[in-house]
>>> print(open('input_6.cif').read())   # mmCIF, C-alpha atoms
data_upload
loop_
_atom_site.label_atom_id
_atom_site.label_comp_id
_atom_site.auth_asym_id
_atom_site.auth_seq_id
_atom_site.Cartn_x
_atom_site.Cartn_y
_atom_site.Cartn_z
CA MET Q 20 185.85 -107.03 166.37
CA LYS Q 21 188.61 -105.80 168.68
CA ASP Q 22 186.46 -105.24 171.76
CA SER Q 23 188.25 -107.22 174.48
CA VAL Q 24 190.80 -106.75 177.25
CA ILE Q 25 193.00 -109.70 178.31
CA VAL Q 26 194.67 -110.28 181.67
CA LEU Q 27 198.12 -111.36 180.47
CA SER Q 28 200.82 -112.72 182.78
CA GLY Q 29 203.33 -113.93 180.20
CA GLY Q 30 202.94 -117.56 181.26
CA MET Q 31 201.84 -120.45 179.01
CA ASP Q 32 198.09 -120.12 179.50
CA SER Q 33 197.47 -116.42 179.00
CA THR Q 34 200.01 -116.28 176.14
CA THR Q 35 198.11 -119.07 174.39
CA MET Q 36 194.87 -117.15 174.90
CA LEU Q 37 196.49 -113.97 173.53
CA TYR Q 38 197.32 -115.79 170.30
CA GLU Q 39 194.00 -117.62 170.06
CA TYR Q 40 191.93 -114.43 170.44
CA LYS Q 41 194.37 -111.90 168.98
CA ASP Q 42 191.80 -110.63 166.47
CA ASN Q 43 189.43 -109.71 169.32
CA ILE Q 44 191.92 -108.21 171.75
CA ALA Q 45 192.20 -104.41 171.85
CA LEU Q 46 194.28 -104.24 175.03
CA ALA Q 47 196.43 -106.56 177.17
CA ILE Q 48 197.01 -105.78 180.84
CA THR Q 49 199.86 -107.23 182.88
CA PHE Q 50 199.65 -106.69 186.63
CA ASP Q 51 202.87 -106.29 188.53
CA TYR Q 52 201.92 -107.24 192.06
CA GLY Q 53 205.49 -107.61 193.22
CA SER Q 54 205.63 -111.40 193.01
CA ILE Q 55 209.01 -113.01 192.56
CA GLN Q 56 208.38 -114.01 188.95
CA ASN Q 57 206.66 -110.83 187.73
CA ALA Q 58 209.78 -109.26 186.19
CA GLU Q 59 210.60 -112.31 184.05
CA GLU Q 60 206.98 -112.81 182.99
CA GLN Q 61 206.66 -109.20 181.88
CA ILE Q 62 209.47 -109.56 179.37
CA PHE Q 63 207.51 -112.21 177.51
CA ALA Q 64 204.14 -110.48 177.93
CA SER Q 65 205.65 -107.38 176.29
CA LEU Q 66 207.37 -109.41 173.57
CA HIS Q 67 204.18 -111.12 172.41
CA CYS Q 68 202.09 -107.93 172.47
CA ARG Q 69 204.74 -106.29 170.35
CA LYS Q 70 204.77 -109.21 167.90
CA LEU Q 71 200.98 -109.08 167.59
CA SER Q 72 200.73 -105.25 167.62
CA ILE Q 73 198.42 -105.32 170.63
CA GLN Q 74 198.41 -102.35 173.03
CA HIS Q 75 199.93 -103.39 176.36
CA LEU Q 76 199.70 -101.84 179.83
CA ILE Q 77 201.78 -102.90 182.82
CA ILE Q 78 199.99 -101.87 186.00
CA PRO Q 79 201.86 -101.93 189.32
CA LEU Q 80 199.82 -103.02 192.33
CA ASP Q 81 202.20 -102.09 195.12
CA PHE Q 82 199.61 -102.65 197.83
CA MET Q 83 199.69 -106.38 197.19
CA HIS Q 84 203.36 -106.66 197.90
CA LYS Q 85 202.95 -104.44 200.92
CA TYR Q 86 199.84 -105.80 202.62
CA PHE Q 87 199.13 -109.28 201.24
CA LYS Q 88 200.49 -112.51 202.65
CA SER Q 89 201.77 -115.14 200.19
CA ALA Q 90 205.00 -117.10 199.72
CA LEU Q 91 204.89 -115.81 196.13
CA LEU Q 92 205.35 -112.28 197.43
CA SER Q 93 208.32 -113.00 199.67
CA SER Q 94 211.58 -114.69 198.66
CA PRO Q 95 212.54 -117.63 196.38
CA GLU Q 96 213.49 -119.67 199.45
CA ASP Q 97 209.86 -119.68 200.57
CA ILE Q 98 208.68 -121.47 197.41
CA PRO Q 99 208.15 -125.19 198.05
CA THR Q 100 210.16 -127.44 195.72
CA ILE Q 101 209.82 -130.78 197.47
CA ASN Q 102 206.65 -131.20 199.43
CA TYR Q 103 203.59 -130.75 197.22
CA ASP Q 104 200.82 -131.38 199.66
CA GLU Q 105 197.88 -129.03 199.52
CA GLU Q 106 198.74 -127.13 202.70
CA ASN Q 107 202.22 -126.37 201.40
CA MET Q 108 200.99 -125.29 197.97
CA LYS Q 109 198.38 -123.03 199.54
CA SER Q 110 201.27 -120.87 200.77
CA THR Q 111 201.74 -119.64 197.16
CA VAL Q 112 198.16 -118.42 196.80
CA VAL Q 113 197.85 -114.63 196.47
CA PRO Q 114 194.49 -113.91 198.12
CA PHE Q 115 191.72 -113.02 195.66
CA ARG Q 116 194.23 -112.19 192.92
CA ASN Q 117 191.89 -113.07 190.04
CA GLY Q 118 189.06 -111.11 191.64
CA ILE Q 119 191.26 -108.01 191.88
CA MET Q 120 192.74 -108.32 188.38
CA LEU Q 121 189.33 -108.92 186.77
CA SER Q 122 187.79 -105.97 188.66
CA ILE Q 123 190.48 -103.55 187.52
CA ALA Q 124 190.45 -104.87 183.95
CA CYS Q 125 186.67 -104.44 183.96
CA GLY Q 126 186.95 -100.79 185.04
CA ILE Q 127 189.43 -100.15 182.24
CA ALA Q 128 187.18 -101.95 179.74
CA GLU Q 129 184.20 -99.81 180.78
CA SER Q 130 186.35 -96.66 180.57
CA ASN Q 131 187.42 -97.51 177.02
CA ASN Q 132 184.10 -98.72 175.62
CA LEU Q 133 185.27 -102.33 175.40
CA ASN Q 134 182.92 -105.24 176.04
CA ARG Q 135 184.81 -108.23 177.39
CA VAL Q 136 187.56 -109.26 179.78
CA LEU Q 137 189.49 -112.46 179.02
CA ILE Q 138 191.25 -114.53 181.66
CA ALA Q 139 193.15 -117.82 181.27
CA ASN Q 140 192.39 -119.79 184.44
CA HIS Q 141 192.35 -123.55 183.75
CA SER Q 142 191.29 -126.81 185.36
CA GLY Q 143 194.70 -127.56 186.91
CA ASP Q 144 194.23 -124.58 189.24
CA HIS Q 145 190.89 -125.61 190.70
CA SER Q 146 192.02 -127.58 193.71
CA ILE Q 147 194.35 -124.95 195.20
CA TYR Q 148 193.00 -121.61 193.97
CA PRO Q 149 189.41 -120.79 194.92
CA ASP Q 150 189.38 -117.85 192.50
CA CYS Q 151 190.07 -120.11 189.49
CA ARG Q 152 187.08 -122.43 189.90
CA PRO Q 153 184.10 -122.49 187.53
CA GLU Q 154 181.65 -121.38 190.23
CA PHE Q 155 183.85 -118.39 191.06
CA ILE Q 156 184.15 -117.37 187.41
CA GLU Q 157 180.41 -117.70 186.90
CA SER Q 158 179.74 -115.56 189.97
CA ILE Q 159 182.23 -112.79 189.14
CA ALA Q 160 180.94 -112.71 185.56
CA LYS Q 161 177.46 -111.98 186.92
CA THR Q 162 178.86 -109.40 189.37
CA ILE Q 163 180.79 -107.55 186.67
CA SER Q 164 177.83 -107.54 184.32
CA LEU Q 165 175.58 -106.14 187.07
CA GLY Q 166 178.16 -103.56 188.17
CA THR Q 167 178.77 -101.91 184.79
CA TYR Q 168 176.71 -99.84 182.34
CA ARG Q 169 178.00 -101.84 179.39
CA ASN Q 170 177.30 -105.14 181.14
CA ILE Q 171 180.92 -106.13 180.61
CA GLU Q 172 181.34 -109.84 179.93
CA VAL Q 173 183.95 -112.11 181.55
CA PHE Q 174 185.21 -114.74 179.10
CA ALA Q 175 187.23 -117.63 180.54
CA PRO Q 176 187.11 -120.37 177.90
CA TYR Q 177 190.00 -122.40 179.43
CA THR Q 178 188.23 -122.86 182.79
CA ASN Q 179 187.64 -126.55 182.20
CA LEU Q 180 190.67 -127.27 180.00
CA SER Q 181 193.82 -128.99 181.26
CA LYS Q 182 197.24 -127.39 180.75
CA LYS Q 183 198.04 -130.20 178.32
CA LYS Q 184 195.08 -129.19 176.13
CA ILE Q 185 196.18 -125.55 176.31
CA ALA Q 186 199.71 -126.54 175.25
CA GLU Q 187 198.25 -128.43 172.27
CA LYS Q 188 196.29 -125.34 171.25
CA GLY Q 189 199.41 -123.18 171.57
CA ASN Q 190 201.51 -125.62 169.59
CA PHE Q 191 198.91 -125.54 166.81
CA LEU Q 192 199.03 -121.72 166.90
CA GLY Q 193 202.82 -121.80 166.48
CA ILE Q 194 203.79 -120.58 169.95
CA ASP Q 195 207.33 -121.33 171.10
CA TYR Q 196 206.78 -121.95 174.81
CA SER Q 197 210.39 -121.15 175.64
CA GLU Q 198 209.13 -117.58 175.07
CA THR Q 199 206.86 -117.82 178.12
CA TYR Q 200 207.71 -117.87 181.81
CA SER Q 201 206.34 -120.03 184.62
CA CYS Q 202 208.85 -120.46 187.46
CA TYR Q 203 207.70 -119.46 190.95
CA LYS Q 204 211.31 -118.87 191.97
CA GLY Q 205 211.69 -116.00 189.49
CA GLY Q 206 215.27 -116.66 188.35
CA ARG Q 207 216.46 -115.84 184.82
CA LEU Q 208 216.35 -119.58 184.08
CA HIS Q 209 213.43 -121.77 185.13
CA CYS Q 210 214.37 -123.77 188.25
CA GLY Q 211 212.68 -126.89 186.86
CA LYS Q 212 211.68 -128.06 190.33
CA CYS Q 213 208.96 -125.82 191.74
CA ALA Q 214 205.28 -126.67 191.27
CA THR Q 215 204.75 -124.46 188.22
CA CYS Q 216 207.94 -125.67 186.52
CA ARG Q 217 206.82 -129.28 187.03
CA GLU Q 218 203.35 -128.47 185.75
CA ARG Q 219 204.83 -126.81 182.67
CA ARG Q 220 207.21 -129.68 181.88
CA GLU Q 221 204.49 -132.24 182.37
CA ALA Q 222 202.02 -130.41 180.12
CA LEU Q 223 204.55 -130.14 177.28
CA LEU Q 224 205.64 -133.75 177.72
CA MET Q 225 202.07 -135.06 177.74
CA ALA Q 226 201.20 -132.98 174.70
CA GLY Q 227 204.26 -134.36 172.90
CA ILE Q 228 205.75 -130.89 172.35
CA PRO Q 229 209.56 -130.52 172.42
CA ASP Q 230 210.44 -128.43 175.50
CA ASN Q 231 213.03 -125.80 174.51
CA THR Q 232 212.90 -124.10 177.93
CA LYS Q 233 216.34 -123.79 179.56
CA TYR Q 234 216.14 -125.24 183.09
CA GLU Q 235 218.69 -124.64 185.84
CA GLU Q 236 219.27 -128.30 186.48
CA MET J 11 185.11 -109.34 218.01
CA LYS J 12 187.36 -107.10 215.93
CA ASP J 13 187.31 -109.16 212.74
CA SER J 14 186.26 -106.67 210.06
CA VAL J 15 187.76 -104.33 207.48
CA ILE J 16 185.87 -101.19 206.44
CA VAL J 17 186.14 -99.29 203.17
CA LEU J 18 186.27 -95.73 204.52
CA SER J 19 186.11 -92.64 202.33
CA GLY J 20 185.73 -89.96 204.98
CA GLY J 21 182.26 -88.98 203.75
CA MET J 22 179.06 -89.04 205.82
CA ASP J 23 178.04 -92.64 205.13
CA SER J 24 181.25 -94.58 205.74
CA THR J 25 182.10 -92.37 208.74
CA THR J 26 178.73 -93.23 210.26
CA MET J 27 179.38 -96.92 209.64
CA LEU J 28 182.84 -96.60 211.24
CA TYR J 29 181.24 -95.31 214.43
CA GLU J 30 178.34 -97.76 214.38
CA TYR J 31 180.59 -100.82 214.01
CA LYS J 32 183.74 -99.52 215.74
CA ASP J 33 183.85 -102.49 218.12
CA ASN J 34 184.05 -104.91 215.18
CA ILE J 35 186.49 -103.02 212.97
CA ALA J 36 190.12 -104.11 213.04
CA LEU J 37 191.21 -102.11 210.02
CA ALA J 38 189.95 -99.18 207.92
CA ILE J 39 191.11 -98.75 204.33
CA THR J 40 190.89 -95.48 202.40
CA PHE J 41 191.56 -95.71 198.68
CA ASP J 42 193.20 -92.77 197.00
CA TYR J 43 192.20 -93.17 193.37
CA GLY J 44 193.17 -89.67 192.41
CA SER J 45 189.69 -88.18 192.48
CA ILE J 46 189.35 -84.48 193.06
CA GLN J 47 187.98 -84.86 196.59
CA ASN J 48 190.27 -87.66 197.85
CA ALA J 49 192.74 -85.37 199.62
CA GLU J 50 190.06 -83.60 201.68
CA GLU J 51 188.23 -86.86 202.48
CA GLN J 52 191.44 -88.49 203.75
CA ILE J 53 191.95 -85.84 206.40
CA PHE J 54 188.65 -86.79 208.03
CA ALA J 55 189.10 -90.54 207.47
CA SER J 56 192.42 -90.33 209.33
CA LEU J 57 190.98 -88.09 212.05
CA HIS J 58 188.17 -90.50 212.95
CA CYS J 59 190.40 -93.60 212.90
CA ARG J 60 192.73 -91.81 215.24
CA LYS J 61 189.88 -90.83 217.57
CA LEU J 62 188.64 -94.43 217.65
CA SER J 63 192.13 -96.04 217.75
CA ILE J 64 191.42 -98.03 214.60
CA GLN J 65 194.32 -99.01 212.33
CA HIS J 66 194.10 -97.07 209.07
CA LEU J 67 195.67 -97.71 205.66
CA ILE J 68 195.60 -95.25 202.77
CA ILE J 69 196.13 -97.16 199.54
CA PRO J 70 196.94 -95.24 196.35
CA LEU J 71 195.38 -96.63 193.17
CA ASP J 72 197.27 -94.62 190.57
CA PHE J 73 196.00 -96.72 187.68
CA MET J 74 192.49 -95.32 188.17
CA HIS J 75 193.60 -91.78 187.65
CA LYS J 76 195.71 -92.83 184.71
CA TYR J 77 193.43 -95.18 182.78
CA PHE J 78 189.84 -94.65 183.96
CA LYS J 79 187.42 -92.14 182.50
CA SER J 80 185.27 -90.12 184.91
CA ALA J 81 184.57 -86.42 185.49
CA LEU J 82 185.49 -87.15 189.12
CA LEU J 83 189.04 -87.93 188.02
CA SER J 84 189.55 -84.81 185.92
CA SER J 85 189.06 -81.19 187.06
CA PRO J 86 186.54 -79.34 189.26
CA GLU J 87 185.16 -77.58 186.16
CA ASP J 88 183.93 -80.93 184.84
CA ILE J 89 181.66 -81.52 187.84
CA PRO J 90 178.05 -80.66 187.02
CA THR J 91 176.52 -78.07 189.38
CA ILE J 92 173.38 -77.11 187.49
CA ASN J 93 171.96 -79.81 185.33
CA TYR J 94 171.18 -82.93 187.36
CA ASP J 95 169.74 -85.17 184.72
CA GLU J 96 170.87 -88.77 184.76
CA GLU J 97 173.15 -88.51 181.70
CA ASN J 98 175.02 -85.61 183.25
CA MET J 99 175.40 -87.30 186.65
CA LYS J 100 176.66 -90.47 185.01
CA SER J 101 179.79 -88.51 184.05
CA THR J 102 180.88 -88.65 187.71
CA VAL J 103 180.71 -92.45 187.93
CA VAL J 104 184.12 -94.10 188.40
CA PRO J 105 183.70 -97.44 186.58
CA PHE J 106 183.38 -100.45 188.92
CA ARG J 107 184.87 -98.51 191.83
CA ASN J 108 183.05 -100.50 194.53
CA GLY J 109 183.98 -103.79 192.84
CA ILE J 110 187.66 -102.83 192.87
CA MET J 111 187.69 -101.50 196.43
CA LEU J 112 185.82 -104.53 197.80
CA SER J 113 188.13 -106.94 195.96
CA ILE J 114 191.28 -105.35 197.35
CA ALA J 115 189.81 -105.06 200.87
CA CYS J 116 188.86 -108.73 200.64
CA GLY J 117 192.44 -109.75 199.72
CA ILE J 118 193.73 -107.78 202.70
CA ALA J 119 191.10 -109.34 204.99
CA GLU J 120 192.10 -112.84 203.85
CA SER J 121 195.79 -111.99 204.32
CA ASN J 122 195.17 -110.84 207.89
CA ASN J 123 192.74 -113.54 209.03
CA LEU J 124 189.81 -111.17 209.15
CA ASN J 125 186.30 -112.27 208.26
CA ARG J 126 184.26 -109.38 206.91
CA VAL J 127 184.42 -106.37 204.65
CA LEU J 128 182.08 -103.44 205.40
CA ILE J 129 180.95 -100.94 202.78
CA ALA J 130 178.54 -98.01 203.14
CA ASN J 131 176.64 -97.88 199.85
CA HIS J 132 173.08 -96.59 200.36
CA SER J 133 169.76 -96.33 198.56
CA GLY J 134 170.37 -92.82 197.19
CA ASP J 135 173.12 -94.23 194.96
CA HIS J 136 171.05 -96.92 193.27
CA SER J 137 169.81 -95.02 190.25
CA ILE J 138 173.18 -93.73 189.02
CA TYR J 139 175.75 -96.24 190.30
CA PRO J 140 175.28 -99.85 189.17
CA ASP J 141 177.87 -101.04 191.72
CA CYS J 142 175.82 -99.70 194.65
CA ARG J 143 172.61 -101.62 193.96
CA PRO J 144 171.35 -104.48 196.15
CA GLU J 145 171.67 -107.05 193.34
CA PHE J 146 175.31 -106.05 192.79
CA ILE J 147 176.12 -106.27 196.50
CA GLU J 148 174.45 -109.67 196.74
CA SER J 149 176.40 -110.95 193.74
CA ILE J 150 179.81 -109.66 194.83
CA ALA J 151 179.21 -111.05 198.33
CA LYS J 152 178.72 -114.49 196.79
CA THR J 153 181.79 -114.01 194.54
CA ILE J 154 184.04 -112.99 197.44
CA SER J 155 182.84 -115.86 199.59
CA LEU J 156 183.52 -118.34 196.76
CA GLY J 157 186.92 -116.83 195.94
CA THR J 158 188.46 -116.99 199.42
CA TYR J 159 189.49 -119.75 201.82
CA ARG J 160 187.90 -117.97 204.76
CA ASN J 161 184.69 -117.35 202.82
CA ILE J 162 185.03 -113.64 203.55
CA GLU J 163 181.68 -111.93 204.09
CA VAL J 164 180.59 -108.62 202.54
CA PHE J 165 178.45 -106.61 204.94
CA ALA J 166 176.56 -103.62 203.51
CA PRO J 167 173.80 -102.84 206.02
CA TYR J 168 173.04 -99.37 204.59
CA THR J 169 172.19 -100.72 201.12
CA ASN J 170 168.50 -99.95 201.51
CA LEU J 171 168.78 -96.96 203.85
CA SER J 172 168.38 -93.35 202.71
CA LYS J 173 171.04 -90.77 203.49
CA LYS J 174 168.55 -89.11 205.83
CA LYS J 175 168.30 -92.32 207.88
CA ILE J 176 172.10 -92.61 207.94
CA ALA J 177 172.37 -89.01 209.18
CA GLU J 178 169.91 -89.81 211.97
CA LYS J 179 172.03 -92.80 213.01
CA GLY J 180 175.18 -90.66 212.97
CA ASN J 181 173.54 -87.90 214.98
CA PHE J 182 172.51 -90.47 217.58
CA LEU J 183 176.12 -91.74 217.66
CA GLY J 184 177.35 -88.19 218.31
CA ILE J 185 179.06 -87.57 214.97
CA ASP J 186 179.68 -83.94 214.01
CA TYR J 187 179.16 -84.09 210.25
CA SER J 188 181.23 -80.97 209.69
CA GLU J 189 184.08 -83.44 210.31
CA THR J 190 183.22 -85.36 207.12
CA TYR J 191 183.71 -84.38 203.49
CA SER J 192 181.39 -84.78 200.50
CA CYS J 193 182.05 -82.16 197.82
CA TYR J 194 182.80 -83.46 194.31
CA LYS J 195 184.70 -80.25 193.56
CA GLY J 196 187.35 -81.03 196.13
CA GLY J 197 187.93 -77.50 197.48
CA ARG J 198 188.89 -76.83 201.08
CA LEU J 199 185.33 -75.59 201.68
CA HIS J 200 182.33 -77.51 200.37
CA CYS J 201 180.97 -75.78 197.24
CA GLY J 202 177.40 -76.31 198.40
CA LYS J 203 176.14 -76.66 194.81
CA CYS J 204 177.37 -79.96 193.34
CA ALA J 205 175.22 -83.08 193.55
CA THR J 206 176.91 -84.51 196.65
CA CYS J 207 176.81 -81.17 198.49
CA ARG J 208 173.09 -80.88 197.76
CA GLU J 209 172.52 -84.46 198.86
CA ARG J 210 174.41 -83.82 202.10
CA ARG J 211 172.54 -80.58 202.90
CA GLU J 212 169.20 -82.18 202.13
CA ALA J 213 169.90 -85.26 204.30
CA LEU J 214 170.88 -83.11 207.30
CA LEU J 215 167.93 -80.77 206.78
CA MET J 216 165.43 -83.62 206.48
CA ALA J 217 166.88 -85.32 209.55
CA GLY J 218 166.57 -82.04 211.46
CA ILE J 219 170.30 -81.93 212.26
CA PRO J 220 171.99 -78.50 212.43
CA ASP J 221 174.46 -78.31 209.52
CA ASN J 222 177.77 -76.88 210.76
CA THR J 223 179.52 -77.46 207.43
CA LYS J 224 181.11 -74.30 206.02
CA TYR J 225 179.93 -73.83 202.44
CA GLU J 226 181.54 -71.54 199.87
CA GLU J 227 178.33 -69.67 199.12
#
>>> encode(input="input_6.cif", output="structure tokens")
Amino acid sequence: MKDSVIVLSGGMDSTTMLYEYKDNIALAITFDYGSIQNAEEQIFASLHCRKLSIQHLIIPLDFMHKYFKSALLSSPEDIPTINYDEENMKSTVVPFRNGIMLSIACGIAESNNLNRVLIANHSGDHSIYPDCRPEFIESIAKTISLGTYRNIEVFAPYTNLSKKKIAEKGNFLGIDYSETYSCYKGGRLHCGKCATCRERREALLMAGIPDNTKYEE
Amino acid sequence: MKDSVIVLSGGMDSTTMLYEYKDNIALAITFDYGSIQNAEEQIFASLHCRKLSIQHLIIPLDFMHKYFKSALLSSPEDIPTINYDEENMKSTVVPFRNGIMLSIACGIAESNNLNRVLIANHSGDHSIYPDCRPEFIESIAKTISLGTYRNIEVFAPYTNLSKKKIAEKGNFLGIDYSETYSCYKGGRLHCGKCATCRERREALLMAGIPDNTKYEE
């Protein structure tokens, strides 16, 4: 039954989820919150929705770019590429991003008589991003169910999966990961050096999947 | 300490809260989600922030007008003025509105090193609006605390107060309620007949406060 909405960035994780649950997804929503990599991600988000004939909305959230503080919302030079300590990586957090995206997706689900919202947070995000952790997902799922007439469900089946496991799933589903985008620097080519590029390369390497992504270096 | 953000509509309840907690409020946010009454409400939201020298942001949420279903987002003719049964009133619910506004306000609080988000839901809203009930507020407070580094707090001290009690507070604080806006029909004058106009008139009458609001009829 096509009764679900997915929060789709166009990165590896949400693209994998799009393919895994394509038969249940009525609508994909990509949020453009003015981050450096949004434009590149959207190209792939749109491409896959088109391939799978899934309705796709791109929703601009200008207020995030305007009023939120995050290195991800400023310029490529602010993205750390050397020092990966926790304090440094925290600079790329966009405050409460998953809370905001899930809330909006839930309102759209309720408006369109859909029952579930899918999101592709995974275990690699837990240490840095408070709004990716299992206890957060459990709590917002309860909140969204309580706050809607349809008792909308939040479904986040990758919460405790590693990116390597997600890559294995995607490989099995036939996804070419060069048709996804990860880089925090937002260039046409992946920089290969920022935290998300490293995470992507490592996941593909560990899963034994040939990496066809074109990297700058 | 001025460490709080308030979600301010410009109606009776949030205006009262603005005055009650003015010494703690660093920032007021009014969301313009394209509802019929937003334009009129904003005039009073801005007026009171100016009077109290509180910083005020008006944030447009165009996606709500575009993708959400609610009589409040369509035309004045769709607002019920006669039949007040629950089914009819439900047509004016904007799905998960409080969840969305609190989530965004929380991201802005975290971005600006503020600690609390204030919202003025009250007991009169419980039957129709699932995202005004105590169990919803409790759950989203937990979610927002878990999803932020600063463990942002949600503060909703009117949750179990009636509108009459709120009006009494406001009267004590010296608020002239003709400088607030309630009407769901969104005209320059209050219609006096829609559900929110009736609720407003009743609250002022029961609290024994002279009602200086100009009504159409």
>>> atom_distance(input="input_6.cif", atom1="CA of Ser56 (chain J)", atom2="CA of Thr40 (chain J)")
8.8 Å
>>> resolve_selection(input="input_6.cif", expression="the PyMOL selection byres ((chain J) within 7 of (chain Q))", output="PDB file with C-alpha atoms, keeping the file's coordinate frame")
ATOM      1  CA  ILE J  69     196.130 -97.160 199.540  1.00  0.00           C
ATOM      2  CA  PHE J  73     196.000 -96.720 187.680  1.00  0.00           C
ATOM      3  CA  TYR J  77     193.430 -95.180 182.780  1.00  0.00           C
ATOM      4  CA  PHE J  78     189.840 -94.650 183.960  1.00  0.00           C
ATOM      5  CA  LYS J  79     187.420 -92.140 182.500  1.00  0.00           C
ATOM      6  CA  PRO J 105     183.700 -97.440 186.580  1.00  0.00           C
ATOM      7  CA  PHE J 106     183.380-100.450 188.920  1.00  0.00           C
ATOM      8  CA  GLY J 109     183.980-103.790 192.840  1.00  0.00           C
ATOM      9  CA  ILE J 110     187.660-102.830 192.870  1.00  0.00           C
ATOM     10  CA  SER J 113     188.130-106.940 195.960  1.00  0.00           C
ATOM     11  CA  ILE J 114     191.280-105.350 197.350  1.00  0.00           C
ATOM     12  CA  GLY J 117     192.440-109.750 199.720  1.00  0.00           C
ATOM     13  CA  ILE J 118     193.730-107.780 202.700  1.00  0.00           C
ATOM     14  CA  GLU J 120     192.100-112.840 203.850  1.00  0.00           C
ATOM     15  CA  SER J 121     195.790-111.990 204.320  1.00  0.00           C
ATOM     16  CA  PRO J 140     175.280 -99.850 189.170  1.00  0.00           C
ATOM     17  CA  ASP J 141     177.870-101.040 191.720  1.00  0.00           C
ATOM     18  CA  PHE J 146     175.310-106.050 192.790  1.00  0.00           C
ATOM     19  CA  SER J 149     176.400-110.950 193.740  1.00  0.00           C
ATOM     20  CA  ILE J 150     179.810-109.660 194.830  1.00  0.00           C
ATOM     21  CA  LYS J 152     178.720-114.490 196.790  1.00  0.00           C
ATOM     22  CA  THR J 153     181.790-114.010 194.540  1.00  0.00           C
ATOM     23  CA  LEU J 156     183.520-118.340 196.760  1.00  0.00           C
ATOM     24  CA  GLY J 157     186.920-116.830 195.940  1.00  0.00           C
ATOM     25  CA  THR J 158     188.460-116.990 199.420  1.00  0.00           C
ATOM     26  CA  TYR J 159     189.490-119.750 201.820  1.00  0.00           C
TER      27      TYR J 159
END
>>> resolve_selection(input="input_6.cif", expression="the PyMOL selection byres ((chain J and resi 14-24) around 7)", output="PyMOL selection string")
chain J and resi 12-13+25-28+34-40+51-52+54-55+115+119+124-130+176+187+190-192
>>> residues_around(input="input_6.cif", residues="region 198-200 of chain J", least_positions_apart="5", cutoff="8 Å", atoms="all atoms listed in the file", output="list of chain:residue names")
J:Glu50, J:Tyr191, J:Ser192, J:Cys193, J:Cys207, J:Thr223, J:Lys224, J:Tyr225, J:Glu226
>>> atom_distance(input="input_6.cif", atom1="CA of Gly184 (chain J)", atom2="CA of His66 (chain J)")
21.1 Å
>>> atom_distance(input="input_6.cif", atom1="CA of Tyr40 (chain Q)", atom2="CA of Met20 (chain Q)")
10.4 Å
>>> resolve_selection(input="input_6.cif", expression="the PyMOL selection byres ((chain Q and resi 180-184) around 6)", output="ChimeraX atom specification")
/Q:141-143,177-179,185-187,222,226
>>> residues_around(input="input_6.cif", residues="Asp195 (chain Q)", least_positions_apart="4", cutoff="9 Å", atoms="all atoms listed in the file", output="VMD selection string")
chain Q and resid 189 to 190 199 230 to 231
>>> residues_around(input="input_6.cif", residues="Ser94 (chain Q)", least_positions_apart="4", cutoff="8 Å", atoms="only C-alpha atoms", output="MDAnalysis selection string")
chainID Q and resid 55 90 98 204
